[in-house]
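Listing of model-v8.pdb; format and content: PDB, C-alpha atoms.
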ATOM      1  CA  MET A   8      21.882  -5.758 -14.284
ATOM      2  CA  ARG A   9      20.755  -4.595 -10.845
ATOM      3  CA  PHE A  10      22.822  -2.186  -8.799
ATOM      4  CA  PHE A  11      21.271  -2.886  -5.413
ATOM      5  CA  ASN A  12      19.414  -5.896  -4.108
ATOM      6  CA  VAL A  13      16.199  -3.982  -3.440
ATOM      7  CA  PRO A  14      12.816  -5.357  -4.567
ATOM      8  CA  TYR A  15      11.591  -2.118  -6.137
ATOM      9  CA  ARG A  16       8.020  -3.243  -6.876
ATOM     10  CA  LEU A  17       7.502  -4.291  -3.273
ATOM     11  CA  LEU A  18       9.050  -1.068  -1.998
ATOM     12  CA  ALA A  19       6.943   1.128  -4.313
ATOM     13  CA  LEU A  20       3.687  -0.652  -3.429
ATOM     14  CA  ALA A  21       4.438  -0.461   0.292
ATOM     15  CA  ILE A  22       5.119   3.279   0.044
ATOM     16  CA  VAL A  23       1.959   3.908  -2.023
ATOM     17  CA  THR A  24      -0.104   1.928   0.495
ATOM     18  CA  LYS A  25       1.284   3.953   3.412
ATOM     19  CA  VAL A  26       0.683   7.263   1.612
ATOM     20  CA  MET A  27      -2.947   6.333   0.880
ATOM     21  CA  LEU A  28      -3.540   5.278   4.495
ATOM     22  CA  LEU A  29      -1.985   8.551   5.705
ATOM     23  CA  ALA A  30      -4.291  10.441   3.324
ATOM     24  CA  CYS A  31      -7.275   8.596   4.846
ATOM     25  CA  LEU A  32      -6.061   9.563   8.306
ATOM     26  CA  TRP A  33      -5.613  13.209   7.241
ATOM     27  CA  ILE A  34      -9.125  13.362   5.820
ATOM     28  CA  ALA A  35     -10.563  11.767   8.967
ATOM     29  CA  ILE A  36      -8.689  14.091  11.339
ATOM     30  CA  VAL A  37      -8.764  17.397   9.416
ATOM     31  CA  ASN A  38     -11.468  17.418   6.742
ATOM     32  CA  LEU A  39     -14.317  15.555   8.436
ATOM     33  CA  PRO A  40     -14.431  17.925  11.448
ATOM     34  CA  LEU A  41     -14.451  20.891   9.033
ATOM     35  CA  LEU A  42     -17.310  19.374   7.038
ATOM     36  CA  GLN A  43     -19.194  18.654  10.267
ATOM     37  CA  ALA A  44     -18.656  22.233  11.471
ATOM     38  CA  LEU A  45     -19.828  23.572   8.093
ATOM     39  CA  ASP A  46     -22.964  21.413   8.352
ATOM     40  CA  ASP A  47     -23.660  22.387  11.971
ATOM     41  CA  ARG A  48     -23.000  26.123  12.014
ATOM     42  CA  GLY A  49     -22.104  27.103   8.461
ATOM     43  CA  ILE A  50     -23.749  30.092   6.810
ATOM     44  CA  SER A  51     -24.776  29.826   3.154
ATOM     45  CA  VAL A  52     -24.370  32.916   1.002
ATOM     46  CA  GLU A  53     -24.398  33.604  -2.695
ATOM     47  CA  ALA A  54     -21.032  33.869  -4.461
ATOM     48  CA  GLU A  55     -20.433  35.329  -7.881
ATOM     49  CA  ILE A  56     -17.867  34.754 -10.606
ATOM     50  CA  VAL A  57     -16.118  38.107 -10.980
ATOM     51  CA  TRP A  58     -13.476  37.318 -13.606
ATOM     52  CA  VAL A  59     -13.031  34.668 -16.297
ATOM     53  CA  GLY A  60      -9.700  34.506 -18.099
ATOM     54  CA  GLU A  61      -9.053  33.633 -21.711
ATOM     55  CA  PRO A  62      -8.512  29.941 -22.455
ATOM     56  CA  TYR A  63      -4.894  28.882 -22.670
ATOM     57  CA  ARG A  64      -3.121  25.638 -23.452
ATOM     58  CA  ASN A  65      -1.325  23.778 -20.697
ATOM     59  CA  TRP A  66       1.380  21.549 -22.162
ATOM     60  CA  LEU A  67       2.898  20.364 -18.897
ATOM     61  CA  GLY A  68       0.230  17.958 -17.708
ATOM     62  CA  ARG A  69      -0.237  15.679 -20.675
ATOM     63  CA  GLN A  70       0.461  12.474 -18.738
ATOM     64  CA  ASN A  71      -1.764  13.157 -15.740
ATOM     65  CA  ASN A  72      -4.790  14.437 -17.643
ATOM     66  CA  THR A  73      -4.328  18.111 -16.741
ATOM     67  CA  GLY A  74      -3.137  19.183 -20.184
ATOM     68  CA  GLY A  75      -5.265  20.888 -22.814
ATOM     69  CA  LEU A  76      -7.284  24.092 -22.796
ATOM     70  CA  ARG A  77      -7.713  25.605 -19.339
ATOM     71  CA  GLN A  78      -9.350  28.731 -17.910
ATOM     72  CA  ASP A  79      -8.610  30.750 -14.795
ATOM     73  CA  ILE A  80     -11.669  31.883 -12.850
ATOM     74  CA  VAL A  81     -11.962  34.281  -9.883
ATOM     75  CA  TYR A  82     -15.035  34.275  -7.647
ATOM     76  CA  ALA A  83     -16.025  36.270  -4.565
ATOM     77  CA  PHE A  84     -18.604  36.365  -1.792
ATOM     78  CA  ARG A  85     -19.428  38.654   1.117
ATOM     79  CA  THR A  86     -19.812  37.384   4.652
ATOM     80  CA  GLU A  87     -22.622  38.597   6.913
ATOM     81  CA  GLN A  88     -20.075  40.951   8.528
ATOM     82  CA  GLY A  89     -19.348  42.478   5.109
ATOM     83  CA  GLU A  90     -15.892  40.935   4.595
ATOM     84  CA  LEU A  91     -15.108  40.195   0.938
ATOM     85  CA  ILE A  92     -13.605  36.736   0.398
ATOM     86  CA  GLU A  93     -12.094  35.952  -3.000
ATOM     87  CA  GLY A  94     -11.030  32.627  -4.397
ATOM     88  CA  SER A  95      -9.671  31.398  -7.689
ATOM     89  CA  SER A  96      -9.766  28.192  -9.613
ATOM     90  CA  ASN A  97      -8.230  26.699 -12.704
ATOM     91  CA  LYS A  98     -10.629  24.527 -14.686
ATOM     92  CA  LYS A  99     -10.457  22.581 -17.908
ATOM     93  CA  LYS A 100     -12.155  24.456 -20.722
ATOM     94  CA  ARG A 101     -14.843  21.809 -21.180
ATOM     95  CA  TYR A 102     -15.826  22.111 -17.483
ATOM     96  CA  ALA A 103     -15.596  25.906 -17.549
ATOM     97  CA  LYS A 104     -18.102  26.388 -20.406
ATOM     98  CA  GLY A 105     -20.983  27.230 -18.086
ATOM     99  CA  LEU A 106     -18.830  29.353 -15.802
ATOM    100  CA  THR A 107     -19.498  32.799 -17.165
ATOM    101  CA  LEU A 108     -18.958  36.233 -15.690
ATOM    102  CA  GLY A 109     -21.736  37.039 -13.222
ATOM    103  CA  ARG A 110     -22.854  33.450 -12.624
ATOM    104  CA  THR A 111     -23.897  32.894  -9.023
ATOM    105  CA  PHE A 112     -23.626  29.824  -6.820
ATOM    106  CA  TYR A 113     -23.851  29.069  -3.113
ATOM    107  CA  VAL A 114     -20.971  28.895  -0.659
ATOM    108  CA  THR A 115     -21.154  27.715   2.952
ATOM    109  CA  TYR A 116     -18.585  29.272   5.287
ATOM    110  CA  LEU A 117     -17.804  29.237   9.001
ATOM    111  CA  PRO A 118     -18.768  32.508  10.729
ATOM    112  CA  ASP A 119     -15.680  32.527  12.969
ATOM    113  CA  ARG A 120     -13.320  31.486  10.116
ATOM    114  CA  PRO A 121     -14.790  32.769   6.834
ATOM    115  CA  ARG A 122     -11.788  31.590   4.789
ATOM    116  CA  VAL A 123     -12.924  28.030   5.531
ATOM    117  CA  TYR A 124     -15.723  27.509   3.040
ATOM    118  CA  HIS A 125     -17.221  24.783   0.914
ATOM    119  CA  SER A 126     -18.824  24.924  -2.500
ATOM    120  CA  ASP A 127     -19.826  22.159  -4.870
ATOM    121  CA  LEU A 128     -18.625  24.258  -7.785
ATOM    122  CA  PHE A 129     -15.091  25.240  -6.767
ATOM    123  CA  LYS A 130     -13.613  24.583  -3.336
ATOM    124  CA  GLY A 131     -14.569  21.537  -1.370
ATOM    125  CA  TYR A 132     -13.222  19.174   1.254
ATOM    126  CA  ALA A 133     -12.859  15.427   0.861
ATOM    127  CA  GLY A 134     -15.261  13.427   2.955
ATOM    128  CA  VAL A 135     -16.214   9.876   3.819
ATOM    129  CA  GLY A 136     -16.511   8.858   0.156
ATOM    130  CA  MET A 137     -12.871   9.731  -0.466
ATOM    131  CA  ILE A 138     -11.823   7.770   2.631
ATOM    132  CA  LYS A 139     -13.711   4.733   1.328
ATOM    133  CA  ALA A 140     -12.155   5.009  -2.145
ATOM    134  CA  LEU A 141      -8.623   5.484  -0.806
ATOM    135  CA  PHE A 142      -9.053   2.640   1.674
ATOM    136  CA  ILE A 143     -10.166   0.272  -1.105
ATOM    137  CA  LEU A 144      -7.142   1.265  -3.203
ATOM    138  CA  ALA A 145      -4.824   0.930  -0.191
ATOM    139  CA  THR A 146      -6.214  -2.538   0.501
ATOM    140  CA  GLY A 147      -5.508  -3.578  -3.092
ATOM    141  CA  THR A 148      -1.948  -2.259  -3.134
ATOM    142  CA  GLY A 149      -1.352  -3.710   0.332
ATOM    143  CA  LEU A 150      -2.497  -7.159  -0.797
ATOM    144  CA  ILE A 151      -0.214  -7.020  -3.839
ATOM    145  CA  ALA A 152       2.688  -5.898  -1.606
ATOM    146  CA  ALA A 153       1.962  -8.773   0.803
ATOM    147  CA  TYR A 154       1.925 -11.208  -2.119
ATOM    148  CA  LEU A 155       5.292  -9.912  -3.306
ATOM    149  CA  TRP A 156       6.661 -10.139   0.242
ATOM    150  CA  VAL A 157       5.577 -13.792   0.569
ATOM    151  CA  ARG A 158       7.111 -14.636  -2.828
ATOM    152  CA  MET A 159      10.512 -13.139  -1.956
ATOM    153  CA  PRO A 160      13.398 -15.580  -1.645
ATOM    154  CA  ARG A 161      14.050 -16.640   1.951
ATOM    155  CA  SER A 162      17.755 -15.965   1.429
ATOM    156  CA  TRP A 163      17.105 -12.230   1.058
ATOM    157  CA  SER A 164      18.393 -10.477   4.156
ATOM    158  CA  GLY A 165      17.119  -6.990   3.402
ATOM    159  CA  PRO A 166      18.328  -4.127   1.265
ATOM    160  CA  SER A 167      22.020  -3.447   1.163
ATOM    161  CA  LEU A 168      24.234  -1.020  -0.693
ATOM    162  CA  ARG A 169      26.567  -3.678  -2.043
ATOM    163  CA  THR A 170      26.315  -3.994  -5.753
ATOM    164  CA  THR A 171      25.410  -7.208  -7.519
ATOM    165  CA  VAL A 172      27.228  -6.143 -10.687
ATOM    166  CA  SER A 173      30.021  -8.546 -11.622
ATOM    167  CA  PHE A 174      32.688  -7.817 -14.149
ATOM    168  CA  GLY A 175      33.315 -11.464 -14.984
ATOM    169  CA  HIS A 176      36.641 -12.968 -16.078
ATOM    170  CA  ASN A 177      38.941 -10.591 -17.915
ATOM    171  CA  GLU A 178      42.393 -11.627 -19.144
ATOM    172  CA  TRP A 179      43.758  -8.117 -19.087
ATOM    173  CA  TRP A 180      42.603  -7.638 -15.507
ATOM    174  CA  ASP A 181      44.214 -10.908 -14.400
ATOM    175  CA  ARG A 182      47.661 -10.000 -15.916
ATOM    176  CA  THR A 183      48.190  -7.065 -13.607
TER
END

Step by step, read the file and then write its structure as structure tokens.
Amino acid sequence: MRFFNVPYRLLALAIVTKVMLLACLWIAIVNLPLLQALDDRGISVEAEIVWVGEPYRNWLGRQNNTGGLRQDIVYAFRTEQGELIEGSSNKKKRYAKGLTLGRTFYVTYLPDRPRVYHSDLFKGYAGVGMIKALFILATGTGLIAAYLWVRMPRSWSGPSLRTTVSFGHNEWWDRT
């Protein structure tokens, strides 16, 4: 029994394709200029892990692979002007094993906007590789959506709110 005459698979794949293409556009417009600016005029400094929390169990993310033991970590670095910038991260316990109190790593930040920084360990921006991966996925979902569109019955005139539920023949209904 279907309540509306909407091809849900086609609709879902079309929406997912558009979202992935918008994500590619966002990365190209916002992230790539930031990465380029960090490469051109970024300053690399040493950051340090200043606090490591106790492991705790996350029960909420079991379906999307975020469940299990997790650890909260706080790190900090000083800019050349002496400003202290702190950041935090939440890592899975198995990835946080080497992240101990006092461990140092490098951070590249913009001198005019020190809160915009990049690190391979914690905070990073998506780049060209993510655009390529998302574009490949968007192409796949778009091709499946196009296939479903071509296979739709020609009599379909678009989504409508009229229901396709029929109650059939009922003697009691016909007596009134």

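Going from CA of Ala83 in chain A to CA of Ala54 in chain A covers 5.6 Å.
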
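In this structure, CA of Gly131 in chain A sits 27.0 Å away from CA of Thr148 in chain A.
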
To test your reading of the syntax: which residues would the PyMOL selection byres ((chain A and resi 119) around 12) return for the file shown? Reply as a PyMOL selection string. chain A and resi 44-45+48-50+86-88+90+116-118+120-124

Using the chain letters and numbers from the file, which residues does the PyMOL selection byres ((chain A and resi 128) around 10) grab, as a PyMOL selection string? chain A and resi 96+106+112-114+125-127+129-131

Evaluate the PyMOL selection byres ((chain A and resi 57-67) around 12) on the structure here and hand back the selected residues as a PyMOL selection string. chain A and resi 54-56+68-84+92-112

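The smallest atom-to-atom distance between Leu32 in chain A and any of A:Lys139, A:Asp47, A:Tyr15, A:Val52, using all atoms listed in the file, is found for A:Lys139.
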
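Counting from CA of Leu144 in chain A, the distance to CA of Pro14 in chain A is 21.1 Å.
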
Could you check which residues have any atom within 12 Å of (-7.8, 12.7, 7.4), counting all atoms listed in the file with coordinates taken straight from the file, and then list them as an mmCIF file with C-alpha atoms, in the frame of the given file?
data_model
loop_
_atom_site.group_PDB
_atom_site.id
_atom_site.type_symbol
_atom_site.label_atom_id
_atom_site.label_comp_id
_atom_site.auth_asym_id
_atom_site.auth_seq_id
_atom_site.Cartn_x
_atom_site.Cartn_y
_atom_site.Cartn_z
ATOM 1 C CA VAL A 26 0.683 7.263 1.612
ATOM 2 C CA MET A 27 -2.947 6.333 0.880
ATOM 3 C CA LEU A 28 -3.540 5.278 4.495
ATOM 4 C CA LEU A 29 -1.985 8.551 5.705
ATOM 5 C CA ALA A 30 -4.291 10.441 3.324
ATOM 6 C CA CYS A 31 -7.275 8.596 4.846
ATOM 7 C CA LEU A 32 -6.061 9.563 8.306
ATOM 8 C CA TRP A 33 -5.613 13.209 7.241
ATOM 9 C CA ILE A 34 -9.125 13.362 5.820
ATOM 10 C CA ALA A 35 -10.563 11.767 8.967
ATOM 11 C CA ILE A 36 -8.689 14.091 11.339
ATOM 12 C CA VAL A 37 -8.764 17.397 9.416
ATOM 13 C CA ASN A 38 -11.468 17.418 6.742
ATOM 14 C CA LEU A 39 -14.317 15.555 8.436
ATOM 15 C CA PRO A 40 -14.431 17.925 11.448
ATOM 16 C CA LEU A 41 -14.451 20.891 9.033
ATOM 17 C CA LEU A 42 -17.310 19.374 7.038
ATOM 18 C CA TYR A 132 -13.222 19.174 1.254
ATOM 19 C CA ALA A 133 -12.859 15.427 0.861
ATOM 20 C CA GLY A 134 -15.261 13.427 2.955
ATOM 21 C CA VAL A 135 -16.214 9.876 3.819
ATOM 22 C CA GLY A 136 -16.511 8.858 0.156
ATOM 23 C CA MET A 137 -12.871 9.731 -0.466
ATOM 24 C CA ILE A 138 -11.823 7.770 2.631
ATOM 25 C CA LYS A 139 -13.711 4.733 1.328
ATOM 26 C CA LEU A 141 -8.623 5.484 -0.806
ATOM 27 C CA PHE A 142 -9.053 2.640 1.674
#

Show me, as AutoDock Vina command-line options, the centre and edge lengths in Å to one decimal of the axis-aligned box that covers every listed atom of range 94-99 of chain A with 4 Å on each side.
--center_x -9.6 --center_y 27.6 --center_z -11.2 --size_x 10.8 --size_y 18.0 --size_z 21.5

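In this comparison, which uses only C-alpha atoms, the residue of A:Ile22, A:Ala145, A:Ala140, A:Leu17 approaching Met159 in chain A most closely is A:Leu17.
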